[in-house]
Amino acid sequence: MRLEPAQTALIVIDMQRDFCSLGGYADRAGMDISRMQAVVGQVHALLEAARAAGLLVVHTREGHKPDLSDCSPAKLQRSVTAGAPIGCLGPMGRLLVRGEYGHDFVDQLKPLPGETVIDKPGYGAFHATELGSVLAAHRIEHLIICGVTTEVCVHSTLREAVDRGYHCTTVSDATAASQPEHQAPALAMIGVEGGIFGRLMHAAQCVAALKANQPETALK
């Protein structure tokens with residue numbers, strides 16, 4: 001299947017300080033943030049290639065309004081159980097609250113002017129956001145997905161995208177799970193039933209394909 005740059009978007013999921021930096025939500029919740037930090041280089045390479053190829057670039061940030069009115073009691077309770085209550089004060093401001101330093105993107109992956117930023121209150125990027133209408137306005141048919149975490153926000157976004165009819169490519173080494181043992185199973189689920197949730201590619205393959213405007217080579 002050939003991808004056309006004009007019909008393809010790169011979706012960068014939640015590469016925020018709250019997930020990738022010491023003292024942020026993920027760190028406080030006991031996640032292995034070294035895994036998130038380790039994919040910054042691959043995500044940056046994808047961003048550069050996507051920009052050069054003329055793809056629509058979308059960055060997502062998970063977080064909530066300062067009054068937490070868009071955070072369900074169930075989600076708030078889960079964060080308390082994890083040891084990182086949403087809205088509590090940390091070294092980079094209140095955890096997962098919009099406008100705080102920790103809520104923003106890591107320095108290496110800042111959006112360029114004009115790139116789309118989707119602030120989302122849930123795990124999936126379509127829930128309670130304008131992402132669907134943005135993709136429709138650009139007549140996007142194929143999504144290249146990367147970011148964190150593989151088993152939660154990446155998978156939540158991927159699964160809804162598939163249900164909405166998008167062709168999806170997940171960049172395996174530009175995603176990171178919260179713990180090492182979660183990564184391989186999360187990626188393996190994508191390929192069941194002949195690729196029910198799309199296909200996998202390595203970052204280097206995807207970058208090379210984008211440079212050729214022919215991102216076709218699937219991960220074997």
# chains A, B, ... in the order shown; residues from 1 in each chain; ligands from 1

call {"tool": "closest_atom_pairs", "arguments": {"of": "range 41-137 of chain A", "to": "range 170-185 of chain A", "cutoff": "12 Å", "atoms": "only C-alpha atoms", "output": "JSON lines"}}
result
{"residue": "A:Gly41", "atom": "CA", "partner": "A:Ala174", "partner_atom": "CA", "distance": 8.2}
{"residue": "A:Gln42", "atom": "CA", "partner": "A:Ala174", "partner_atom": "CA", "distance": 5.3}
{"residue": "A:Val43", "atom": "CA", "partner": "A:Ala174", "partner_atom": "CA", "distance": 5.5}
{"residue": "A:His44", "atom": "CA", "partner": "A:Ala174", "partner_atom": "CA", "distance": 9.1}
{"residue": "A:Ala45", "atom": "CA", "partner": "A:Ala174", "partner_atom": "CA", "distance": 9.4}
{"residue": "A:Leu46", "atom": "CA", "partner": "A:Ala174", "partner_atom": "CA", "distance": 8.5}
{"residue": "A:Leu47", "atom": "CA", "partner": "A:Ala174", "partner_atom": "CA", "distance": 10.9}

call {"tool": "closest_residue", "arguments": {"among": "A:Asp32, A:Glu160, A:Asp104, A:Asp70", "to": "Met15 in chain A", "atoms": "only C-alpha atoms"}}
result
A:Asp104

call {"tool": "closest_residue", "arguments": {"among": "A:Ala38, A:Ile33, A:Cys146, A:Ile140", "to": "Thr60 in chain A", "atoms": "only C-alpha atoms"}}
result
A:Cys146

call {"tool": "select_by_dssp", "arguments": {"residues": "chain A", "states": "strand (DSSP E or B)", "output": "MDAnalysis selection string"}}
result
chainID A and resid 8:13 16 56:62 64 89:90 93:94 97 105 116:120 142:148 167:176 199:201

call {"tool": "write_last_selection", "arguments": {"atoms": "N, CA and C atoms", "output": "CSV table (one decimal), in the first residue's frame"}}
result
chain,number,residue,atom,x,y,z
A,8,THR,N,-1.4,11.8,4.6
A,8,THR,CA,-0.8,11.1,5.7
A,8,THR,C,-0.5,12.2,6.8
A,9,ALA,N,-0.7,11.8,8.0
A,9,ALA,CA,-0.4,12.6,9.2
A,9,ALA,C,0.5,11.8,10.1
A,10,LEU,N,1.5,12.6,10.7
A,10,LEU,CA,2.3,12.0,11.8
A,10,LEU,C,1.7,12.4,13.1
A,11,ILE,N,1.3,11.5,14.0
A,11,ILE,CA,0.7,11.8,15.3
A,11,ILE,C,1.7,11.5,16.3
A,12,VAL,N,2.2,12.5,17.1
A,12,VAL,CA,3.2,12.3,18.1
A,12,VAL,C,2.4,12.4,19.5
A,13,ILE,N,2.4,11.3,20.2
A,13,ILE,CA,1.6,11.1,21.3
A,13,ILE,C,2.3,11.5,22.6
A,16,GLN,N,5.6,14.7,26.6
A,16,GLN,CA,5.6,15.8,27.5
A,16,GLN,C,6.6,15.6,28.7
A,56,LEU,N,1.0,16.4,7.4
A,56,LEU,CA,0.4,17.1,8.5
A,56,LEU,C,1.0,16.5,9.8
A,57,VAL,N,1.5,17.4,10.7
A,57,VAL,CA,2.1,16.9,12.0
A,57,VAL,C,1.1,17.3,13.1
A,58,VAL,N,0.8,16.4,14.0
A,58,VAL,CA,-0.1,16.6,15.1
A,58,VAL,C,0.6,16.1,16.4
A,59,HIS,N,0.7,17.0,17.4
A,59,HIS,CA,1.2,16.7,18.7
A,59,HIS,C,0.1,16.6,19.7
A,60,THR,N,0.1,15.6,20.5
A,60,THR,CA,-1.0,15.6,21.6
A,60,THR,C,-0.3,15.7,22.9
A,61,ARG,N,-1.1,16.3,23.8
A,61,ARG,CA,-0.7,16.4,25.3
A,61,ARG,C,-1.9,16.0,26.1
A,62,GLU,N,-1.6,15.1,27.0
A,62,GLU,CA,-2.6,14.7,28.0
A,62,GLU,C,-2.6,15.6,29.2
A,64,HIS,N,-5.4,18.3,32.0
A,64,HIS,CA,-6.7,18.7,32.4
A,64,HIS,C,-6.8,20.2,32.7
A,89,LEU,N,0.8,19.1,43.4
A,89,LEU,CA,2.0,19.9,43.1
A,89,LEU,C,3.2,19.0,43.1
A,90,GLY,N,4.0,19.2,42.0
A,90,GLY,CA,5.2,18.5,41.8
A,90,GLY,C,6.3,19.5,41.5
A,93,GLY,N,5.3,21.9,38.6
A,93,GLY,CA,3.9,22.4,38.7
A,93,GLY,C,2.9,21.2,39.0
A,94,ARG,N,1.7,21.5,38.9
A,94,ARG,CA,0.6,20.6,39.2
A,94,ARG,C,0.7,19.5,38.1
A,97,VAL,N,-1.7,19.1,34.5
A,97,VAL,CA,-2.6,20.2,34.5
A,97,VAL,C,-2.2,21.1,33.4
A,105,PHE,N,5.7,20.1,26.2
A,105,PHE,CA,6.5,19.1,25.5
A,105,PHE,C,8.0,19.2,25.9
A,116,THR,N,-0.2,21.4,14.5
A,116,THR,CA,-1.4,21.2,15.3
A,116,THR,C,-1.1,20.6,16.7
A,117,VAL,N,-1.6,21.2,17.7
A,117,VAL,CA,-1.5,20.7,19.1
A,117,VAL,C,-2.9,20.3,19.6
A,118,ILE,N,-3.0,19.1,20.0
A,118,ILE,CA,-4.3,18.6,20.6
A,118,ILE,C,-4.2,18.3,22.0
A,119,ASP,N,-4.9,19.1,22.8
A,119,ASP,CA,-4.9,18.9,24.3
A,119,ASP,C,-6.0,17.9,24.6
A,120,LYS,N,-5.7,16.8,25.2
A,120,LYS,CA,-6.7,15.8,25.4
A,120,LYS,C,-6.9,15.4,26.9
A,142,HIS,N,-4.2,8.1,6.3
A,142,HIS,CA,-3.2,7.3,6.9
A,142,HIS,C,-2.5,8.0,8.0
A,143,LEU,N,-2.4,7.3,9.2
A,143,LEU,CA,-1.7,7.9,10.3
A,143,LEU,C,-0.4,7.1,10.6
A,144,ILE,N,0.6,7.9,10.9
A,144,ILE,CA,1.9,7.3,11.4
A,144,ILE,C,1.9,7.7,12.9
A,145,ILE,N,2.0,6.7,13.8
A,145,ILE,CA,1.8,7.0,15.2
A,145,ILE,C,3.1,6.7,16.0
A,146,CYS,N,3.5,7.6,16.9
A,146,CYS,CA,4.6,7.3,17.7
A,146,CYS,C,4.3,8.0,19.1
A,147,GLY,N,5.2,7.8,20.1
A,147,GLY,CA,5.0,8.4,21.3
A,147,GLY,C,4.9,7.5,22.5
A,148,VAL,N,4.3,8.0,23.6
A,148,VAL,CA,4.2,7.3,24.8
A,148,VAL,C,2.7,7.4,25.4
A,167,HIS,N,-6.0,4.0,7.9
A,167,HIS,CA,-4.8,3.1,7.8
A,167,HIS,C,-3.8,3.6,8.8
A,168,CYS,N,-3.2,2.7,9.5
A,168,CYS,CA,-2.3,3.1,10.6
A,168,CYS,C,-1.0,2.4,10.5
A,169,THR,N,0.1,3.1,10.8
A,169,THR,CA,1.4,2.6,11.0
A,169,THR,C,1.9,3.0,12.3
A,170,THR,N,2.3,2.1,13.1
A,170,THR,CA,2.9,2.4,14.4
A,170,THR,C,4.4,2.2,14.3
A,171,VAL,N,5.2,3.2,14.8
A,171,VAL,CA,6.6,3.1,14.7
A,171,VAL,C,7.2,2.5,16.0
A,172,SER,N,7.6,1.3,15.8
A,172,SER,CA,7.8,0.4,17.0
A,172,SER,C,8.9,1.0,18.0
A,173,ASP,N,10.0,1.4,17.4
A,173,ASP,CA,11.1,1.9,18.3
A,173,ASP,C,11.0,3.4,18.5
A,174,ALA,N,9.9,4.0,18.2
A,174,ALA,CA,9.6,5.4,18.5
A,174,ALA,C,8.4,5.5,19.5
A,175,THR,N,8.1,4.3,20.1
A,175,THR,CA,7.1,4.2,21.1
A,175,THR,C,7.8,3.6,22.4
A,176,ALA,N,7.3,3.9,23.5
A,176,ALA,CA,7.8,3.3,24.7
A,176,ALA,C,6.7,3.0,25.7
A,199,ARG,N,0.1,-1.7,10.7
A,199,ARG,CA,1.4,-2.3,10.5
A,199,ARG,C,2.4,-1.7,11.4
A,200,LEU,N,3.6,-2.3,11.5
A,200,LEU,CA,4.7,-1.8,12.3
A,200,LEU,C,5.8,-1.4,11.4
A,201,MET,N,6.6,-0.4,11.7
A,201,MET,CA,7.8,0.0,11.1
A,201,MET,C,8.8,0.4,12.1

call {"tool": "decode", "arguments": {"residues": "range 116-157 of chain A", "atoms": "N, CA and C atoms", "output": "tab-separated table (two decimals), in the first residue's frame"}}
result
chain	number	residue	atom	x	y	z
A	116	THR	N	-0.25	21.38	14.51
A	116	THR	CA	-1.44	21.19	15.32
A	116	THR	C	-1.08	20.59	16.68
A	117	VAL	N	-1.62	21.18	17.73
A	117	VAL	CA	-1.48	20.65	19.09
A	117	VAL	C	-2.87	20.30	19.61
A	118	ILE	N	-3.03	19.06	20.03
A	118	ILE	CA	-4.30	18.57	20.55
A	118	ILE	C	-4.15	18.34	22.05
A	119	ASP	N	-4.86	19.11	22.84
A	119	ASP	CA	-4.89	18.88	24.29
A	119	ASP	C	-6.04	17.94	24.59
A	120	LYS	N	-5.72	16.81	25.21
A	120	LYS	CA	-6.72	15.76	25.41
A	120	LYS	C	-6.87	15.43	26.89
A	121	PRO	N	-8.10	15.24	27.34
A	121	PRO	CA	-8.33	14.89	28.74
A	121	PRO	C	-8.30	13.40	29.01
A	122	GLY	N	-8.29	12.59	27.94
A	122	GLY	CA	-8.31	11.14	28.10
A	122	GLY	C	-7.04	10.52	27.58
A	123	TYR	N	-7.08	9.20	27.46
A	123	TYR	CA	-5.91	8.47	26.97
A	123	TYR	C	-5.86	8.51	25.44
A	124	GLY	N	-6.99	8.29	24.79
A	124	GLY	CA	-7.04	8.35	23.34
A	124	GLY	C	-7.10	9.79	22.84
A	125	ALA	N	-6.50	10.02	21.67
A	125	ALA	CA	-6.41	11.39	21.15
A	125	ALA	C	-7.70	11.87	20.50
A	126	PHE	N	-8.66	10.98	20.26
A	126	PHE	CA	-9.92	11.39	19.65
A	126	PHE	C	-10.96	11.80	20.69
A	127	HIS	N	-10.85	11.25	21.89
A	127	HIS	CA	-11.87	11.49	22.91
A	127	HIS	C	-11.90	12.96	23.35
A	128	ALA	N	-13.07	13.59	23.18
A	128	ALA	CA	-13.30	14.96	23.64
A	128	ALA	C	-12.30	15.96	23.07
A	129	THR	N	-11.85	15.73	21.82
A	129	THR	CA	-10.93	16.65	21.15
A	129	THR	C	-11.40	16.92	19.72
A	130	GLU	N	-10.70	17.82	19.06
A	130	GLU	CA	-11.01	18.18	17.68
A	130	GLU	C	-10.18	17.38	16.68
A	131	LEU	N	-9.49	16.35	17.12
A	131	LEU	CA	-8.60	15.62	16.21
A	131	LEU	C	-9.34	15.08	15.00
A	132	GLY	N	-10.50	14.49	15.19
A	132	GLY	CA	-11.25	13.94	14.06
A	132	GLY	C	-11.55	14.98	13.00
A	133	SER	N	-11.97	16.16	13.43
A	133	SER	CA	-12.31	17.21	12.47
A	133	SER	C	-11.06	17.77	11.79
A	134	VAL	N	-9.94	17.81	12.51
A	134	VAL	CA	-8.68	18.28	11.90
A	134	VAL	C	-8.24	17.33	10.80
A	135	LEU	N	-8.28	16.04	11.08
A	135	LEU	CA	-7.88	15.05	10.07
A	135	LEU	C	-8.82	15.07	8.88
A	136	ALA	N	-10.11	15.21	9.15
A	136	ALA	CA	-11.09	15.26	8.06
A	136	ALA	C	-10.88	16.49	7.18
A	137	ALA	N	-10.58	17.62	7.80
A	137	ALA	CA	-10.37	18.85	7.04
A	137	ALA	C	-9.17	18.74	6.11
A	138	HIS	N	-8.19	17.93	6.48
A	138	HIS	CA	-7.00	17.74	5.65
A	138	HIS	C	-7.11	16.49	4.77
A	139	ARG	N	-8.24	15.83	4.82
A	139	ARG	CA	-8.49	14.62	4.03
A	139	ARG	C	-7.42	13.55	4.27
A	140	ILE	N	-7.10	13.38	5.52
A	140	ILE	CA	-6.09	12.39	5.91
A	140	ILE	C	-6.70	10.99	5.87
A	141	GLU	N	-5.93	10.04	5.34
A	141	GLU	CA	-6.36	8.65	5.28
A	141	GLU	C	-5.43	7.71	6.05
A	142	HIS	N	-4.19	8.13	6.27
A	142	HIS	CA	-3.20	7.26	6.90
A	142	HIS	C	-2.53	8.00	8.04
A	143	LEU	N	-2.38	7.30	9.17
A	143	LEU	CA	-1.72	7.88	10.34
A	143	LEU	C	-0.44	7.12	10.64
A	144	ILE	N	0.63	7.85	10.88
A	144	ILE	CA	1.88	7.30	11.41
A	144	ILE	C	1.92	7.71	12.88
A	145	ILE	N	1.98	6.74	13.78
A	145	ILE	CA	1.80	7.00	15.20
A	145	ILE	C	3.07	6.65	15.97
A	146	CYS	N	3.47	7.56	16.86
A	146	CYS	CA	4.61	7.33	17.74
A	146	CYS	C	4.34	8.02	19.07
A	147	GLY	N	5.19	7.76	20.06
A	147	GLY	CA	5.04	8.44	21.34
A	147	GLY	C	4.88	7.50	22.51
A	148	VAL	N	4.28	8.01	23.58
A	148	VAL	CA	4.16	7.25	24.84
A	148	VAL	C	2.74	7.39	25.41
A	149	THR	N	2.37	6.40	26.23
A	149	THR	CA	3.03	5.11	26.37
A	149	THR	C	2.37	4.12	25.41
A	150	THR	N	3.16	3.12	25.00
A	150	THR	CA	2.68	2.20	23.98
A	150	THR	C	1.38	1.52	24.37
A	151	GLU	N	1.32	1.04	25.62
A	151	GLU	CA	0.19	0.22	26.02
A	151	GLU	C	-1.04	1.02	26.43
A	152	VAL	N	-0.90	2.34	26.59
A	152	VAL	CA	-2.05	3.14	27.04
A	152	VAL	C	-2.45	4.14	25.96
A	153	CYS	N	-1.79	5.30	25.91
A	153	CYS	CA	-2.26	6.36	25.01
A	153	CYS	C	-2.03	6.05	23.54
A	154	VAL	N	-0.92	5.38	23.21
A	154	VAL	CA	-0.69	5.00	21.82
A	154	VAL	C	-1.74	3.99	21.38
A	155	HIS	N	-1.94	2.94	22.18
A	155	HIS	CA	-2.92	1.92	21.82
A	155	HIS	C	-4.34	2.48	21.80
A	156	SER	N	-4.69	3.34	22.74
A	156	SER	CA	-6.03	3.91	22.77
A	156	SER	C	-6.31	4.72	21.51
A	157	THR	N	-5.33	5.51	21.10
A	157	THR	CA	-5.47	6.30	19.88
A	157	THR	C	-5.52	5.41	18.65
